[in-house]
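Source file: coords-v1.txt; contents: compact mmCIF, C-alpha atoms and all ligand atoms.
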```
# COMPACT_ATOMS: atom_id res chain seq x y z
CA PRO P 1 -0.60 39.93 -22.25
CA GLU P 2 -3.88 41.86 -21.93
CA LEU P 3 -6.66 39.50 -22.97
CA GLU P 4 -10.17 40.49 -24.03
CA ARG P 5 -11.29 37.77 -26.42
CA LEU P 6 -10.20 34.13 -26.48
CA GLY P 7 -11.11 32.05 -29.54
CA VAL P 8 -11.56 28.28 -29.51
CA HIS P 9 -10.41 27.49 -33.07
CA GLU P 10 -12.64 25.07 -34.95
CA SER P 11 -9.66 22.75 -35.68
CA VAL P 12 -9.95 21.33 -32.14
CA GLU P 13 -13.03 19.44 -33.36
CA LEU P 14 -10.73 16.61 -34.46
CA VAL P 15 -10.24 15.89 -30.73
CA PHE P 16 -13.40 17.22 -28.99
CA PRO P 17 -16.37 19.50 -29.79
CA PRO P 18 -15.14 23.15 -29.66
CA SER P 19 -18.43 24.22 -28.05
CA GLU P 20 -17.76 21.95 -25.01
CA LEU P 21 -14.52 23.81 -24.28
CA ALA P 22 -16.06 27.25 -24.93
CA GLU P 23 -18.90 26.40 -22.54
CA PHE P 24 -16.45 25.07 -19.92
CA LEU P 25 -14.53 28.38 -20.08
CA SER P 26 -17.59 30.65 -20.23
CA ASP P 27 -17.06 31.91 -16.66
CA LEU P 28 -13.61 33.36 -17.47
CA PRO P 29 -13.20 37.14 -17.18
CA VAL P 30 -12.56 37.25 -20.96
CA ASP P 31 -14.95 36.72 -23.85
CA VAL P 32 -14.75 33.10 -25.10
CA ALA P 33 -16.15 32.00 -28.49
CA VAL P 34 -15.75 29.24 -31.05
CA ILE P 35 -14.10 30.78 -34.12
CA ASP P 36 -13.32 29.82 -37.72
CA ASP P 37 -10.44 31.09 -39.88
CA ASP P 38 -12.28 34.32 -40.78
CA GLU P 39 -12.69 35.33 -37.12
CA ILE P 40 -9.09 34.93 -35.93
CA ASP P 41 -8.44 38.68 -36.08
CA SER P 42 -11.33 39.33 -33.67
CA CYS P 43 -9.31 37.66 -30.84
CA ASP P 44 -6.14 38.29 -28.81
CA ALA P 45 -5.62 34.59 -28.08
CA VAL P 46 -6.65 31.17 -29.42
CA VAL P 47 -6.85 27.58 -28.25
CA THR P 48 -6.14 25.37 -31.25
CA LEU P 49 -5.06 22.06 -32.73
CA GLU P 50 -3.68 23.34 -36.04
CA HIS P 51 -1.50 26.31 -36.93
CA ARG P 52 -2.67 29.27 -39.03
CA ASP P 53 -0.43 32.14 -40.18
CA ALA P 54 -3.06 34.60 -38.90
CA PHE P 55 -2.18 33.46 -35.34
CA LEU P 56 1.08 35.44 -35.69
CA GLU P 57 -0.96 38.64 -35.16
CA LEU P 58 -2.23 37.45 -31.74
CA GLU P 59 -0.82 37.69 -28.21
CA TRP P 60 -1.08 34.04 -27.21
CA VAL P 61 -1.66 30.64 -28.83
CA HIS P 62 -2.42 27.52 -26.76
CA SER P 63 -1.95 24.09 -28.39
CA ILE P 64 -4.36 21.39 -27.22
CA GLN P 65 -1.60 18.86 -27.94
CA ALA P 66 1.68 18.35 -26.08
CA GLY P 67 3.52 18.04 -29.40
CA VAL P 68 4.01 21.49 -30.95
CA ASP P 69 6.23 20.46 -33.87
CA ARG P 70 3.70 21.88 -36.34
CA PHE P 71 4.14 25.47 -35.06
CA PRO P 72 6.89 27.75 -36.53
CA PHE P 73 8.75 28.61 -33.28
CA GLU P 74 11.04 31.22 -34.88
CA GLU P 75 8.16 33.24 -36.31
CA PHE P 76 6.37 33.15 -32.95
CA GLU P 77 9.53 34.43 -31.30
CA GLU P 78 10.07 37.19 -33.89
CA ARG P 79 6.47 38.42 -33.60
CA GLY P 80 6.46 38.15 -29.79
CA VAL P 81 3.55 35.67 -29.78
CA LEU P 82 3.42 33.39 -26.72
CA LEU P 83 3.01 29.66 -27.42
CA THR P 84 1.92 27.23 -24.69
CA ASN P 85 1.25 23.48 -24.99
CA SER P 86 -0.77 20.81 -23.19
CA THR P 87 1.97 18.64 -21.74
CA GLY P 88 1.15 17.22 -18.29
CA ILE P 89 -2.34 15.88 -18.98
CA HIS P 90 -1.85 12.74 -21.13
CA ASP P 91 -0.09 10.44 -18.65
CA ARG P 92 -2.91 8.08 -17.63
CA TRP P 93 -4.71 8.11 -20.99
CA VAL P 94 -1.65 7.18 -23.03
CA GLY P 95 -0.44 4.84 -20.27
CA GLU P 96 -3.65 2.81 -20.49
CA THR P 97 -3.53 2.78 -24.30
CA VAL P 98 0.03 1.41 -24.22
CA ALA P 99 -0.98 -1.19 -21.61
CA SER P 100 -3.82 -2.28 -23.88
CA TYR P 101 -1.39 -2.79 -26.81
CA LEU P 102 0.93 -4.89 -24.61
CA LEU P 103 -1.93 -6.96 -23.17
CA ALA P 104 -3.26 -7.53 -26.69
CA PHE P 105 0.13 -8.84 -27.89
CA ALA P 106 0.60 -11.00 -24.77
CA ARG P 107 -2.96 -12.41 -24.66
CA ARG P 108 -3.46 -12.37 -28.50
CA LEU P 109 -6.55 -10.12 -28.41
CA HIS P 110 -5.69 -8.39 -31.73
CA ARG P 111 -5.72 -11.79 -33.47
CA HIS P 112 -9.06 -12.78 -31.89
CA VAL P 113 -10.65 -9.52 -33.07
CA ALA P 114 -9.24 -9.99 -36.60
CA ASN P 115 -10.56 -13.57 -36.69
CA GLN P 116 -13.94 -12.51 -35.35
CA GLN P 117 -14.38 -10.11 -38.30
CA GLU P 118 -14.02 -13.20 -40.54
CA ARG P 119 -16.27 -15.45 -38.35
CA ARG P 120 -13.19 -17.64 -37.94
CA TRP P 121 -12.75 -19.90 -34.86
CA GLU P 122 -8.98 -20.11 -34.71
CA ARG P 123 -6.93 -20.67 -31.56
CA PRO P 124 -3.41 -19.27 -31.25
CA GLU P 125 -0.41 -21.60 -31.39
CA TRP P 126 0.23 -23.17 -27.97
CA ASP P 127 3.32 -21.04 -27.45
CA ASP P 128 2.03 -17.70 -28.84
CA GLY P 129 0.61 -16.37 -25.57
CA PHE P 130 2.65 -14.99 -22.69
CA THR P 131 2.15 -12.84 -19.59
CA LEU P 132 3.55 -9.41 -18.77
CA PRO P 133 5.14 -9.88 -15.30
CA GLY P 134 8.87 -10.35 -15.74
CA THR P 135 9.00 -8.67 -19.17
CA THR P 136 10.96 -5.44 -19.60
CA ALA P 137 9.77 -2.25 -21.27
CA CYS P 138 12.31 0.39 -22.28
CA VAL P 139 10.39 3.68 -22.30
CA VAL P 140 12.17 6.28 -24.43
CA GLY P 141 11.17 9.68 -23.02
CA THR P 142 10.57 9.94 -19.29
CA GLY P 143 8.28 12.99 -19.26
CA THR P 144 4.50 13.07 -18.85
CA LEU P 145 3.79 10.28 -21.36
CA GLY P 146 6.78 8.15 -20.34
CA SER P 147 5.94 8.42 -16.63
CA GLY P 148 2.28 7.58 -17.26
CA VAL P 149 3.31 4.53 -19.28
CA ALA P 150 5.77 3.51 -16.54
CA GLU P 151 3.10 3.79 -13.86
CA VAL P 152 0.45 1.71 -15.64
CA LEU P 153 2.88 -0.95 -16.93
CA GLY P 154 4.65 -1.06 -13.57
CA SER P 155 1.34 -1.98 -11.93
CA LEU P 156 1.10 -4.92 -14.37
CA GLY P 157 4.46 -6.29 -13.23
CA VAL P 158 6.51 -5.00 -16.16
CA ARG P 159 10.09 -3.99 -15.33
CA ILE P 160 10.62 -0.41 -16.53
CA THR P 161 13.80 1.16 -17.86
CA GLY P 162 13.98 4.59 -19.50
CA VAL P 163 15.94 6.82 -21.86
CA ARG P 164 16.25 10.62 -21.66
CA ARG P 165 18.88 13.11 -22.79
CA SER P 166 20.69 13.41 -19.46
CA GLY P 167 20.27 9.84 -18.21
CA ASP P 168 19.42 11.24 -14.74
CA PRO P 169 17.17 8.99 -12.60
CA VAL P 170 13.36 9.38 -12.68
CA GLU P 171 10.86 7.98 -10.20
CA GLY P 172 9.15 4.83 -11.48
CA PHE P 173 12.11 3.82 -13.70
CA GLU P 174 14.44 1.09 -12.45
CA GLU P 175 17.27 2.31 -14.65
CA VAL P 176 17.59 5.39 -16.89
CA TYR P 177 20.02 5.62 -19.83
CA ALA P 178 21.26 8.75 -21.64
CA SER P 179 20.12 9.04 -25.27
CA GLU P 180 23.62 8.29 -26.60
CA ASP P 181 23.30 4.85 -24.96
CA LEU P 182 20.02 4.08 -26.78
CA LEU P 183 21.39 0.92 -28.47
CA GLU P 184 22.41 -0.52 -25.11
CA ALA P 185 19.11 0.54 -23.51
CA VAL P 186 16.90 -1.26 -26.06
CA ALA P 187 19.01 -4.44 -26.26
CA ASP P 188 17.38 -6.42 -23.43
CA ALA P 189 13.84 -4.98 -23.71
CA ASP P 190 10.77 -7.01 -24.69
CA PHE P 191 9.00 -3.74 -25.55
CA VAL P 192 10.50 -0.44 -26.68
CA ILE P 193 8.04 2.41 -26.17
CA VAL P 194 8.60 5.74 -27.91
CA THR P 195 7.20 8.78 -26.03
CA ILE P 196 9.58 11.56 -27.14
CA PRO P 197 8.70 14.75 -29.05
CA LEU P 198 9.66 15.32 -32.69
CA THR P 199 12.69 17.63 -32.82
CA GLU P 200 15.73 17.93 -35.07
CA ALA P 201 17.55 15.60 -32.67
CA THR P 202 14.83 12.92 -32.58
CA HIS P 203 13.95 12.75 -36.31
CA HIS P 204 14.51 9.10 -37.40
CA MET P 205 16.16 8.32 -34.05
CA PHE P 206 14.62 4.82 -34.44
CA ASP P 207 16.30 3.44 -37.54
CA ALA P 208 17.66 0.14 -38.87
CA GLU P 209 20.54 0.25 -36.37
CA VAL P 210 18.16 0.48 -33.42
CA PHE P 211 15.91 -2.29 -34.79
CA ASP P 212 19.03 -4.48 -35.21
CA ALA P 213 20.00 -3.79 -31.60
CA MET P 214 16.53 -4.87 -30.39
CA ALA P 215 15.75 -8.55 -29.76
CA ASP P 216 14.06 -10.45 -32.63
CA ASP P 217 11.08 -11.17 -30.37
CA ALA P 218 10.70 -7.55 -29.17
CA TYR P 219 7.84 -5.19 -30.00
CA LEU P 220 8.08 -1.48 -30.87
CA VAL P 221 5.36 0.91 -29.65
CA ASN P 222 5.23 4.50 -30.98
CA VAL P 223 2.91 6.98 -29.26
CA GLY P 224 5.27 9.98 -29.70
CA ARG P 225 5.43 11.32 -33.26
CA GLY P 226 5.64 9.40 -36.56
CA PRO P 227 8.88 10.88 -37.98
CA VAL P 228 10.81 9.84 -34.84
CA VAL P 229 10.71 6.37 -36.44
CA ASP P 230 12.20 5.63 -39.89
CA GLU P 231 9.03 3.94 -41.18
CA PRO P 232 10.53 2.12 -44.22
CA ALA P 233 13.27 0.71 -41.93
CA LEU P 234 10.59 -0.44 -39.47
CA ILE P 235 8.56 -2.11 -42.23
CA ASP P 236 11.73 -3.84 -43.40
CA ALA P 237 12.51 -5.08 -39.86
CA LEU P 238 8.95 -6.40 -39.49
CA GLU P 239 8.98 -8.11 -42.91
CA THR P 240 12.32 -9.82 -42.20
CA ASP P 241 11.18 -10.96 -38.71
CA SER P 242 13.93 -9.01 -37.00
CA LEU P 243 11.16 -7.59 -34.75
CA ALA P 244 8.10 -9.44 -33.40
CA GLY P 245 5.62 -6.65 -34.08
CA ALA P 246 4.62 -3.05 -33.48
CA ALA P 247 1.79 -0.91 -32.09
CA LEU P 248 1.69 2.45 -33.83
CA ASP P 249 -0.50 5.45 -33.02
CA VAL P 250 1.51 7.97 -35.08
CA PHE P 251 2.95 7.79 -38.60
CA GLU P 252 5.25 9.63 -40.98
CA THR P 253 2.16 10.48 -43.06
CA GLU P 254 -1.22 10.86 -41.35
CA PRO P 255 -3.77 9.53 -42.11
CA LEU P 256 -1.72 6.38 -42.80
CA PRO P 257 -1.93 5.93 -46.62
CA GLU P 258 -4.16 3.10 -47.79
CA GLU P 259 -1.26 1.43 -49.61
CA SER P 260 0.91 1.14 -46.46
CA PRO P 261 1.88 -2.51 -45.74
CA LEU P 262 1.45 -1.76 -42.01
CA TRP P 263 -2.35 -2.08 -42.34
CA GLU P 264 -2.18 -5.79 -43.12
CA MET P 265 0.62 -7.09 -40.92
CA GLU P 266 -0.67 -9.61 -38.38
CA GLU P 267 1.55 -8.46 -35.51
CA VAL P 268 0.96 -4.74 -36.10
CA ILE P 269 -1.70 -2.73 -34.31
CA VAL P 270 -2.58 0.56 -36.03
CA SER P 271 -4.49 3.26 -34.14
CA PRO P 272 -5.38 6.62 -35.75
CA HIS P 273 -3.39 9.09 -33.55
CA CYS P 274 -5.83 8.83 -30.67
CA ALA P 275 -3.74 7.29 -27.85
CA ALA P 276 -4.75 10.20 -25.61
CA PHE P 277 -8.42 10.45 -26.57
CA SER P 278 -10.74 10.68 -23.58
CA GLU P 279 -14.10 12.23 -22.75
CA ASP P 280 -12.20 14.34 -20.18
CA TYR P 281 -9.78 15.85 -22.71
CA TYR P 282 -11.52 19.22 -23.10
CA ARG P 283 -11.74 19.68 -19.31
CA ALA P 284 -8.01 19.02 -18.84
CA VAL P 285 -7.16 21.50 -21.63
CA GLY P 286 -9.66 23.95 -20.12
CA ASP P 287 -7.91 23.78 -16.73
CA LEU P 288 -4.57 24.64 -18.39
CA VAL P 289 -6.12 27.59 -20.25
CA ARG P 290 -7.88 28.86 -17.11
CA GLU P 291 -4.60 28.73 -15.18
CA ASN P 292 -2.87 30.90 -17.79
CA VAL P 293 -5.74 33.39 -18.05
CA ASP P 294 -5.43 33.78 -14.25
CA ARG P 295 -1.68 34.24 -14.58
CA ALA P 296 -2.16 36.86 -17.31
CA GLU P 297 -4.48 38.79 -14.96
CA ARG P 298 -1.83 38.65 -12.22
CA GLY P 299 0.97 39.55 -14.65
CA GLU P 300 2.76 36.24 -14.00
CA SER P 301 4.63 34.11 -16.54
CA PHE P 302 2.68 31.34 -18.30
CA HIS P 303 2.55 27.65 -17.36
CA ASN P 304 3.70 25.21 -20.13
CA ARG P 305 5.29 28.01 -22.13
CA VAL P 306 7.17 26.77 -25.22
CA VAL P 307 7.96 30.10 -26.94
P1 LIG U 1 7.36 15.94 -21.91
O1 LIG U 1 8.03 17.21 -22.25
O2 LIG U 1 6.73 15.77 -20.58
O3 LIG U 1 8.41 14.72 -22.08
C1 LIG U 1 9.28 14.60 -23.18
C2 LIG U 1 10.38 13.61 -22.81
O4 LIG U 1 11.21 13.38 -23.95
C3 LIG U 1 11.28 14.10 -21.70
O5 LIG U 1 11.45 13.03 -20.81
C4 LIG U 1 12.59 14.41 -22.41
O6 LIG U 1 13.60 14.09 -21.49
C5 LIG U 1 12.56 13.41 -23.55
N1 LIG U 1 13.39 13.80 -24.69
C6 LIG U 1 13.31 14.93 -25.44
N2 LIG U 1 14.24 14.92 -26.40
C7 LIG U 1 14.92 13.76 -26.25
C8 LIG U 1 16.03 13.17 -26.94
N3 LIG U 1 16.63 13.79 -27.96
N4 LIG U 1 16.47 11.95 -26.51
C9 LIG U 1 15.86 11.32 -25.48
N5 LIG U 1 14.83 11.84 -24.78
C10 LIG U 1 14.38 13.04 -25.17
O7 LIG U 1 6.31 15.69 -23.06
P2 LIG U 1 5.04 14.70 -23.02
O8 LIG U 1 5.45 13.43 -22.38
O9 LIG U 1 3.85 15.42 -22.54
O10 LIG U 1 4.83 14.46 -24.59
C11 LIG U 1 5.89 13.90 -25.36
C12 LIG U 1 5.49 13.85 -26.83
O11 LIG U 1 4.52 12.83 -27.01
C13 LIG U 1 4.82 15.11 -27.35
O12 LIG U 1 5.79 16.03 -27.79
C14 LIG U 1 3.96 14.61 -28.47
O13 LIG U 1 4.70 14.64 -29.68
C15 LIG U 1 3.68 13.17 -28.10
N6 LIG U 1 2.28 12.97 -27.67
C16 LIG U 1 1.50 12.09 -28.40
C17 LIG U 1 0.19 11.85 -28.04
C18 LIG U 1 -0.65 10.91 -28.84
O14 LIG U 1 -1.86 11.09 -28.89
N7 LIG U 1 -0.10 9.91 -29.47
C19 LIG U 1 -0.42 12.54 -26.88
C20 LIG U 1 0.48 13.40 -26.16
C21 LIG U 1 1.78 13.59 -26.56
P3 LIG U 1 14.82 15.05 -21.14
O15 LIG U 1 14.33 16.46 -21.23
O16 LIG U 1 15.23 14.62 -19.81
O17 LIG U 1 15.76 14.72 -22.21
```
What does the file become when written as C-alpha cells?
Amino acid sequence: PELERLGVHESVELVFPPSELAEFLSDLPVDVAVIDDDEIDSCDAVVTLEHRDAFLELEWVHSIQAGVDRFPFEEFEERGVLLTNSTGIHDRWVGETVASYLLAFARRLHRHVANQQERRWERPEWDDGFTLPGTTACVVGTGTLGSGVAEVLGSLGVRITGVRRSGDPVEGFEEVYASEDLLEAVADADFVIVTIPLTEATHHMFDAEVFDAMADDAYLVNVGRGPVVDEPALIDALETDSLAGAALDVFETEPLPEESPLWEMEEVIVSPHCAAFSEDYYRAVGDLVRENVDRAERGESFHNRVV
C-alpha cells in the first residue's frame, strides 16, 4: 500500500499512552498522529487496540495485540484491507507473569498478600508449600507465548511439555502432543498453561472433560483468551476440588463481573488482562510498525500479516 498518514488510534491508551508511540514513530517517512474516531478517514493506516467499522475504508490496520479475534476477517478480506498483529513480542513478559503465578502458588504468596490486607498473621499449613523443580507444566500453544513460558519456567526447573495442532517438536519442550491428544497431555501435569488464540476450533477447548482428565492437585493458568475455557465448568471444578486452583488473566466477560465467584476463591489469582503489560510495550509495537512501513516503501509483503 501507498502510505501517507498513519493514525495511532486512541483505544491503545488501555495499554500505553498513544502519544508515546506517535512520538517513537515520528521519524517515519509518513505523517504519524494520535487520532480519535472522527479522524479515522484522514488516514490510510491505523495502529489500534479496538476495531472500528471505519477501518474498513483504510489500506492497513495493525493490532497492538497478538490476539485478533475481535476483528472481522471476512470483511477485511472483501474490502482488501491488510490486517497485521503483534505476535512475537510477548514471550518474556507473559513468561515472567506465568512464573510469578506458579511461584505464588508454590510459595503461598497470594495467601500472604490476602492475609496482609486483613492484618492477619497466619502461617500456611505445614504441607501447603512446595517447590517448582520436578513439577511438570503442560503448555498448550507452543508459539510466542508458549515458548516464552517454556523458557522462563524451564529455568526454574519445571519440566515442560506442550500441545499444538501438529504435535511436531518445538525447542524448549521435552515432549509435544497433537491437540487431539489433549486429554493425555494434561493428565500428568501439575500446571496446565493455556497460551492459544481464540478461534472456532479453540472455543471452550478446556471443558469439564479436560478438567476431569487433570489431576485433582493441578492448577490451570489461562493467559490466552477467556472463551477458550468453559468458565462455568472451571468454576464447578474449582468448587468441587477437582482442581487445586487457577490463575486467570483473561475471562469470558471482561472486565470480570463483580458477581463472579472467581474473585473470592482462595486458590484463584485474578489479573485484569495485563499478563503482557510492560513499560517497553509501545517500543516493541513501534518496531513492528516501522518494519512494515519500510516494507511498504520497498513494495514487499508485510510481517505478521493475518489478512
Ligand atoms: P502464536 O501464533 O505465536 O502461537 C499460537 C500457538 O497456538 C501456536 O503454537 C499454535 O500452534 C497454537 N494453536 C493454535 N490453534 C491451536 C489449536 N486448535 N490447538 C492447539 N494449538 C493451537 O501466538 P502468540 O503466542 O503470540 O499468542 C497466542 C495468543 O495468546 C494470542 O492469540 C492472544 O489471544 C493471546 N495473548 C494474550 C496476552 C495477554 O495479555 N494475556 C498477550 C499476548 C497474546 P500450531 O500452529 O502449531 O498449531
Would you mind listing, for every residue of chain P within 9 Å of ligand LIG 1 (chain U), the two atoms forming the shortest contact and the distance between them in Å to one decimal, using all atoms listed in the file, sorted by chain and ascending residue number, as a tab-separated table?
```
residue	atom	partner	partner_atom	distance
P:Gln65	CA	U:LIG1	C20	6.1
P:Ala66	CA	U:LIG1	C13	4.7
P:Gly67	CA	U:LIG1	O12	3.4
P:Val68	CA	U:LIG1	O12	6.6
P:Asp69	CA	U:LIG1	O13	7.3
P:Asn85	CA	U:LIG1	O9	8.8
P:Ser86	CA	U:LIG1	O9	7.1
P:Thr87	CA	U:LIG1	O9	3.8
P:Gly88	CA	U:LIG1	O9	5.3
P:Ile89	CA	U:LIG1	O9	7.2
P:His90	CA	U:LIG1	C20	5.6
P:Asp91	CA	U:LIG1	O8	7.3
P:Trp93	CA	U:LIG1	C19	8.5
P:Val94	CA	U:LIG1	C19	6.7
P:Val140	CA	U:LIG1	N5	6.2
P:Gly141	CA	U:LIG1	O4	3.8
P:Thr142	CA	U:LIG1	O5	3.6
P:Gly143	CA	U:LIG1	O3	3.3
P:Thr144	CA	U:LIG1	O8	3.7
P:Leu145	CA	U:LIG1	O8	3.7
P:Gly146	CA	U:LIG1	O8	5.8
P:Ser147	CA	U:LIG1	O8	7.6
P:Gly148	CA	U:LIG1	O8	8.4
P:Gly162	CA	U:LIG1	O5	8.9
P:Val163	CA	U:LIG1	C9	5.8
P:Arg164	CA	U:LIG1	N5	3.6
P:Arg165	CA	U:LIG1	O17	3.6
P:Ser166	CA	U:LIG1	O16	5.6
P:Gly167	CA	U:LIG1	O16	7.1
P:Asp168	CA	U:LIG1	O16	7.4
P:Ala178	CA	U:LIG1	C9	7.1
P:Ser179	CA	U:LIG1	N4	4.8
P:Glu180	CA	U:LIG1	N4	8.0
P:Leu182	CA	U:LIG1	C9	8.5
P:Val194	CA	U:LIG1	O11	8.2
P:Thr195	CA	U:LIG1	O11	5.0
P:Ile196	CA	U:LIG1	O4	4.0
P:Pro197	CA	U:LIG1	O12	3.4
P:Leu198	CA	U:LIG1	O13	5.8
P:Thr199	CA	U:LIG1	N2	7.1
P:Glu200	CA	U:LIG1	N3	8.3
P:Ala201	CA	U:LIG1	N3	5.1
P:Thr202	CA	U:LIG1	N3	5.0
P:His203	CA	U:LIG1	N3	8.8
P:Met205	CA	U:LIG1	N3	8.2
P:Asn222	CA	U:LIG1	N7	7.7
P:Val223	CA	U:LIG1	N7	4.2
P:Gly224	CA	U:LIG1	C15	3.9
P:Arg225	CA	U:LIG1	O13	4.9
P:Gly226	CA	U:LIG1	O13	8.7
P:Leu248	CA	U:LIG1	N7	8.8
P:Asp249	CA	U:LIG1	N7	5.7
P:Val250	CA	U:LIG1	N7	6.2
P:Pro272	CA	U:LIG1	N7	8.8
P:His273	CA	U:LIG1	O14	5.3
P:Cys274	CA	U:LIG1	O14	4.9
P:Ala275	CA	U:LIG1	O14	4.4
P:Ala276	CA	U:LIG1	O14	4.5
P:Phe277	CA	U:LIG1	O14	7.0
```
Fewer than 2 positions away in the same chain doesn't count, so skip those; otherwise give me all residues within 6 Å of Val34 (chain P), counting only C-alpha atoms, as a list of chain:residue names.
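Everything that qualifies: P:Gly7, P:Val8, P:His9.
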Take CA of Leu256 (chain P) and CA of Ala208 (chain P) and report the distance between them in Å, one decimal.
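Atom-to-atom, CA of Leu256 (chain P) and CA of Ala208 (chain P) are spaced 20.7 Å apart.
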Close residues, Val229 (chain P) itself excluded, 7 Å, all atoms listed in the file, min 6 positions apart in chain, as a VMD selection string:
chain P and resid 204 to 207
Go ahead and compute the interatomic distance for CA of Asp287 (chain P) and CA of Ser271 (chain P), in Å to one decimal.
27.1 Å
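Among the candidate residues P:Glu300, P:Asp190, P:Asp181, P:Asp294, the one lying nearest to Val158 (chain P) is P:Asp190, with distances computed using only C-alpha atoms.
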Which is closer to Glu151 (chain P) than all the others in P:Leu58, P:Ala185, P:Val170, P:Ile235, using all atoms listed in the file?
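Closest residue, counting all atoms listed in the file: P:Val170.
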Interatomic distance between CA of Tyr282 (chain P) and CA of Val306 (chain P)?
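Taking CA of Tyr282 (chain P) as the start and CA of Val306 (chain P) as the end point, the length is 20.3 Å.
Checking P:Val268, P:Asp280, P:Gly286, P:Thr84 one by one against Arg111 (chain P), counting all atoms listed in the file, you find the shortest gap at P:Val268.
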Show me, as number ranges by chain, the residues that have an atom within 12 Å of Arg283 (chain P) when counting all atoms listed in the file, minus same-chain residues fewer than 3 positions from it.
P: 16-25, 64, 86, 89, 278-280, 286-290
Give me the residues within 10 Å of Pro124 (chain P) as a PyMOL selection string, counting all atoms listed in the file and dropping any in the same chain fewer than 5 places off.
chain P and resi 107-108+111-112+129
Take the selection from the previous step and output its residues with C-alpha atoms, as a PDB file, keeping the file's coordinate frame.
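Writing the result to selection-v7.pdb gives the following:
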```pdb
ATOM      1  CA  ARG P 107      -2.960 -12.410 -24.660  1.00  0.00           C
ATOM      2  CA  ARG P 108      -3.460 -12.370 -28.500  1.00  0.00           C
ATOM      3  CA  ARG P 111      -5.720 -11.790 -33.470  1.00  0.00           C
ATOM      4  CA  HIS P 112      -9.060 -12.780 -31.890  1.00  0.00           C
ATOM      5  CA  GLY P 129       0.610 -16.370 -25.570  1.00  0.00           C
TER       6      GLY P 129
END
```
With all heavy atoms retained, output region 265-270 of chain P as a PDB file, in the first residue's frame.
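Dumped to decode.pdb:
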```pdb
ATOM      1  N   MET P 265     -12.311 -16.880  45.446  1.00  0.00           N
ATOM      2  CA  MET P 265     -11.768 -18.215  45.717  1.00  0.00           C
ATOM      3  C   MET P 265     -10.325 -18.111  46.182  1.00  0.00           C
ATOM      4  O   MET P 265      -9.514 -17.426  45.557  1.00  0.00           O
ATOM      5  CB  MET P 265     -11.869 -19.076  44.456  1.00  0.00           C
ATOM      6  CG  MET P 265     -13.294 -19.400  44.087  1.00  0.00           C
ATOM      7  SD  MET P 265     -13.328 -20.469  42.632  1.00  0.00           S
ATOM      8  CE  MET P 265     -15.077 -20.797  42.534  1.00  0.00           C
ATOM      9  N   GLU P 266      -9.994 -18.818  47.260  1.00  0.00           N
ATOM     10  CA  GLU P 266      -8.665 -18.664  47.866  1.00  0.00           C
ATOM     11  C   GLU P 266      -7.531 -19.089  46.943  1.00  0.00           C
ATOM     12  O   GLU P 266      -6.457 -18.505  46.963  1.00  0.00           O
ATOM     13  CB  GLU P 266      -8.587 -19.474  49.168  1.00  0.00           C
ATOM     14  CG  GLU P 266      -9.365 -18.815  50.278  1.00  0.00           C
ATOM     15  CD  GLU P 266      -8.995 -19.353  51.650  1.00  0.00           C
ATOM     16  OE1 GLU P 266      -8.120 -20.243  51.751  1.00  0.00           O
ATOM     17  OE2 GLU P 266      -9.598 -18.867  52.618  1.00  0.00           O
ATOM     18  N   GLU P 267      -7.755 -20.144  46.164  1.00  0.00           N
ATOM     19  CA  GLU P 267      -6.681 -20.637  45.287  1.00  0.00           C
ATOM     20  C   GLU P 267      -6.845 -20.142  43.856  1.00  0.00           C
ATOM     21  O   GLU P 267      -6.464 -20.838  42.901  1.00  0.00           O
ATOM     22  CB  GLU P 267      -6.606 -22.162  45.335  1.00  0.00           C
ATOM     23  CG  GLU P 267      -6.009 -22.711  46.623  1.00  0.00           C
ATOM     24  CD  GLU P 267      -4.640 -22.109  46.948  1.00  0.00           C
ATOM     25  OE1 GLU P 267      -3.715 -22.225  46.136  1.00  0.00           O
ATOM     26  OE2 GLU P 267      -4.512 -21.510  48.026  1.00  0.00           O
ATOM     27  N   VAL P 268      -7.463 -18.970  43.687  1.00  0.00           N
ATOM     28  CA  VAL P 268      -7.587 -18.386  42.354  1.00  0.00           C
ATOM     29  C   VAL P 268      -6.910 -17.016  42.360  1.00  0.00           C
ATOM     30  O   VAL P 268      -7.163 -16.196  43.246  1.00  0.00           O
ATOM     31  CB  VAL P 268      -9.069 -18.258  41.921  1.00  0.00           C
ATOM     32  CG1 VAL P 268      -9.187 -17.446  40.635  1.00  0.00           C
ATOM     33  CG2 VAL P 268      -9.678 -19.649  41.728  1.00  0.00           C
ATOM     34  N   ILE P 269      -6.036 -16.818  41.391  1.00  0.00           N
ATOM     35  CA  ILE P 269      -5.434 -15.490  41.189  1.00  0.00           C
ATOM     36  C   ILE P 269      -6.082 -14.877  39.952  1.00  0.00           C
ATOM     37  O   ILE P 269      -6.123 -15.506  38.889  1.00  0.00           O
ATOM     38  CB  ILE P 269      -3.904 -15.591  40.998  1.00  0.00           C
ATOM     39  CG1 ILE P 269      -3.254 -16.169  42.265  1.00  0.00           C
ATOM     40  CG2 ILE P 269      -3.303 -14.226  40.652  1.00  0.00           C
ATOM     41  CD1 ILE P 269      -1.748 -16.401  42.138  1.00  0.00           C
ATOM     42  N   VAL P 270      -6.635 -13.680  40.122  1.00  0.00           N
ATOM     43  CA  VAL P 270      -7.275 -12.956  39.020  1.00  0.00           C
ATOM     44  C   VAL P 270      -6.381 -11.777  38.647  1.00  0.00           C
ATOM     45  O   VAL P 270      -6.034 -10.967  39.514  1.00  0.00           O
ATOM     46  CB  VAL P 270      -8.663 -12.428  39.461  1.00  0.00           C
ATOM     47  CG1 VAL P 270      -9.214 -11.416  38.450  1.00  0.00           C
ATOM     48  CG2 VAL P 270      -9.648 -13.582  39.648  1.00  0.00           C
TER      49      VAL P 270
END
```
